[in-house]
Amino acid sequence: MGTADVIVVGGGISGLAFAWKAGQAGRRVRVLEGDQRVGGCLHSHRRPDGYWFEMGAHTAYNSYGGFLDIAVGAGVAGKIIQRGPARSRFGLLRAGHVRWLTPPKILLQLDWLEAGLSFPAGIFRKKEGQTVYSYYSGLVGRRNYDRLFSPFFAAVPSQKADGFPVEGPGSLFKKRPRREEFVRSFGFDGGLQLVCEAAARSRGVEVETGVAATHVSRAGSEYAVTTADGRTVTAPLLALAVPPPQAAALVREDLPELATALARVATTEVESVGVVLPRDRCWMPECAFLVPVDDLFFSAVTRDPFPDPRLRAFAFHFKGAVPRADRLRRVSEVLRVPVGELGELVEQRRVLPSPALGHGKLVAEIDRCLAGGKLAVTGNFFGGLAIEDCVARSNDEWRRVGG
């Protein structure tokens, strides 16, 4: 029987942000992570030669105050690197043709007659109760939205975002205060996962990787977590920081009402394929990402904003139902490199939330089930999918159960 002051199930940015707060408050924290690495959706693949690239989240901003607090406190803020010129170029792939754009050039792709007819009425519409589709198509027109805005919005969460709420919990874009002492958009030398690893090494935090939690129960005034290898860890305070289907399964027997609410969070699977190529094998100019229209993948994100003299890397984010052979074939076609010559492939599957209208009510229901207890639930299915949304939820949960 193992004991701790705090148990955290899940070693992604949400779980480690919670563990960081608890450790800084002087608590003994045990983090159980089923994977062999920490980071979750912050997945920085590193080669033996030192080259790295992002398989998941790829950019942080100086409006990510909570995330920066961890980076500073854990001693890795000195590893921050500014994104270079390639950050402002991206490709729009339609019918086999790529049009290279910068933010101002997007406006040239609009049908201005349609936009001019839609904008005057759309600008006065309230965001409350609107989806991404209903609000933005009202601003620029439906055809403009379908042919231009929809694919770019889908590239952000690696899924169709038309039904996302345009504001509130689950929304894509939020205004946050900026910390001007940091560059506006950045990464870390070694990747964003570096922050998770630093938090995992911080005071009071002990992480076990390769340890899957299978059941959560109440044990008197404490919570007991049973692991796949037959151990039980207990603590008076527990945080679940895993995808909603997994969280629901863990608490189904002892907390059925909470499990029912968690199970109502819609999710989707995303399959990602990472490829590293020598520079002389890459036909496309340096860019931040490639966005397709009506394709098998949502985006291909590059490491070009952090250029390397030898190599370039691409992470393709596919719809979950696409067979592996079709994924590799499409990567081969886009990069114009035979499948057999793609070299080392990095493949990852992620479960992501798919918030819809009414998501705020679902979050409120989960919070109602948690009220008054010492069980915290955190993750990317509360405020939103952004890194800072995850950290903010973890900070709020720590204040509720640990403060």
# chains A, B, ... in the order shown; residues from 1 in each chain; ligands from 1
>>> residues_around(residues="stretch 391-398 of chain A", least_positions_apart="3", cutoff="9 Å", atoms="only C-alpha atoms", output="list in words")
Ile13, Ser14, Gly15, Leu16, Ala17, Phe18, Ala19, Lys21, Ala22, Tyr64, Gly66, Phe67, Ala239, Ala241, Leu375, Ala376, Val377, Thr378, Gly379, Asn380, Phe382, Gly383, Ala386, Ile387, Glu388, Val401, Gly402 and Gly403 of chain A
>>> closest_atom_pairs(of="stretch 21-140 of chain A", to="stretch 214-222 of chain A", cutoff="12 Å", atoms="only C-alpha atoms", output="JSON lines")
{"residue": "A:Leu32", "atom": "CA", "partner": "A:Thr214", "partner_atom": "CA", "distance": 11.0}
{"residue": "A:Glu33", "atom": "CA", "partner": "A:Thr214", "partner_atom": "CA", "distance": 11.6}
{"residue": "A:Gly34", "atom": "CA", "partner": "A:Thr214", "partner_atom": "CA", "distance": 10.1}
>>> closest_residue(among="A:Ala213, A:Leu192, A:Ala300, A:Leu277", to="A:Ala77", atoms="only C-alpha atoms")
A:Leu192
>>> residues_around(residues="A:Ser137", least_positions_apart="6", cutoff="10 Å", atoms="only C-alpha atoms", output="list in words")
Ala115, Ser118, Phe119, Gly122, Thr131, Arg143, Asn144, Tyr145, Asp146, Phe149, Ser150 and Asp162 of chain A
>>> atom_distance(atom1="atom CA of A:Glu344", atom2="atom CA of A:Arg303")
16.0 Å
>>> select_by_dssp(residues="stretch 190-348 of chain A", states="alpha helix (DSSP H)", output="PyMOL selection string")
chain A and resi 193-200+244-251+256-263+324-335
>>> select_by_dssp(residues="stretch 263-366 of chain A", states="strand (DSSP E)", output="ChimeraX atom specification")
/A:267-278,289-292,297-302,311-319,345-353
>>> closest_residue(among="A:Cys282, A:Ala60, A:Val265, A:Ala224", to="A:Pro236", atoms="only C-alpha atoms")
A:Ala224
>>> atom_distance(atom1="atom CA of A:Val183", atom2="atom CA of A:Cys287")
19.5 Å
>>> closest_residue(among="A:Ala248, A:Asp35, A:Gly12, A:Thr3", to="A:Thr209", atoms="only C-alpha atoms")
A:Asp35
>>> residues_around(residues="A:Ile7", least_positions_apart="6", cutoff="6 Å", atoms="only C-alpha atoms", output="PyMOL selection string")
chain A and resi 29-31+238
>>> closest_residue(among="A:Lys319, A:Arg231, A:Arg179, A:Arg264", to="A:Phe381", atoms="only C-alpha atoms")
A:Arg264
>>> closest_residue(among="A:Gly373, A:Pro48, A:Pro169, A:Gly11", to="A:Leu258", atoms="only C-alpha atoms")
A:Gly373
>>> residues_around(residues="A:Ser185", least_positions_apart="3", cutoff="12 Å", atoms="only C-alpha atoms", output="tab-separated table (two decimals) with C-alpha atoms, in the first residue's frame")
chain	number	residue	atom	x	y	z
A	58	HIS	CA	3.48	23.24	-31.32
A	59	THR	CA	3.28	26.86	-30.18
A	60	ALA	CA	2.98	28.80	-26.93
A	61	TYR	CA	2.16	32.49	-26.52
A	62	ASN	CA	3.02	35.17	-24.01
A	63	SER	CA	-0.65	35.20	-23.01
A	64	TYR	CA	-0.13	31.74	-21.47
A	68	LEU	CA	4.92	30.53	-18.14
A	80	ILE	CA	12.51	29.71	-24.66
A	81	ILE	CA	13.19	30.34	-28.35
A	82	GLN	CA	11.31	32.76	-30.56
A	83	ARG	CA	9.55	31.50	-33.65
A	84	GLY	CA	11.30	32.60	-36.83
A	85	PRO	CA	10.05	34.08	-40.14
A	87	ARG	CA	5.75	31.31	-38.75
A	88	SER	CA	4.01	33.81	-41.07
A	178	ARG	CA	0.01	39.22	-22.28
A	179	ARG	CA	3.30	39.06	-20.43
A	180	GLU	CA	5.37	41.53	-22.39
A	181	GLU	CA	8.67	40.34	-20.89
A	182	PHE	CA	8.35	37.28	-23.16
A	188	PHE	CA	11.46	25.67	-26.20
A	305	PRO	CA	9.73	28.31	-37.44
A	306	PHE	CA	12.74	26.83	-35.58
>>> atom_distance(atom1="atom CA of A:Leu113", atom2="atom CA of A:Val293")
22.1 Å
>>> closest_residue(among="A:Leu255, A:Met55, A:Leu107, A:Val156", to="A:Phe314", atoms="only C-alpha atoms")
A:Met55
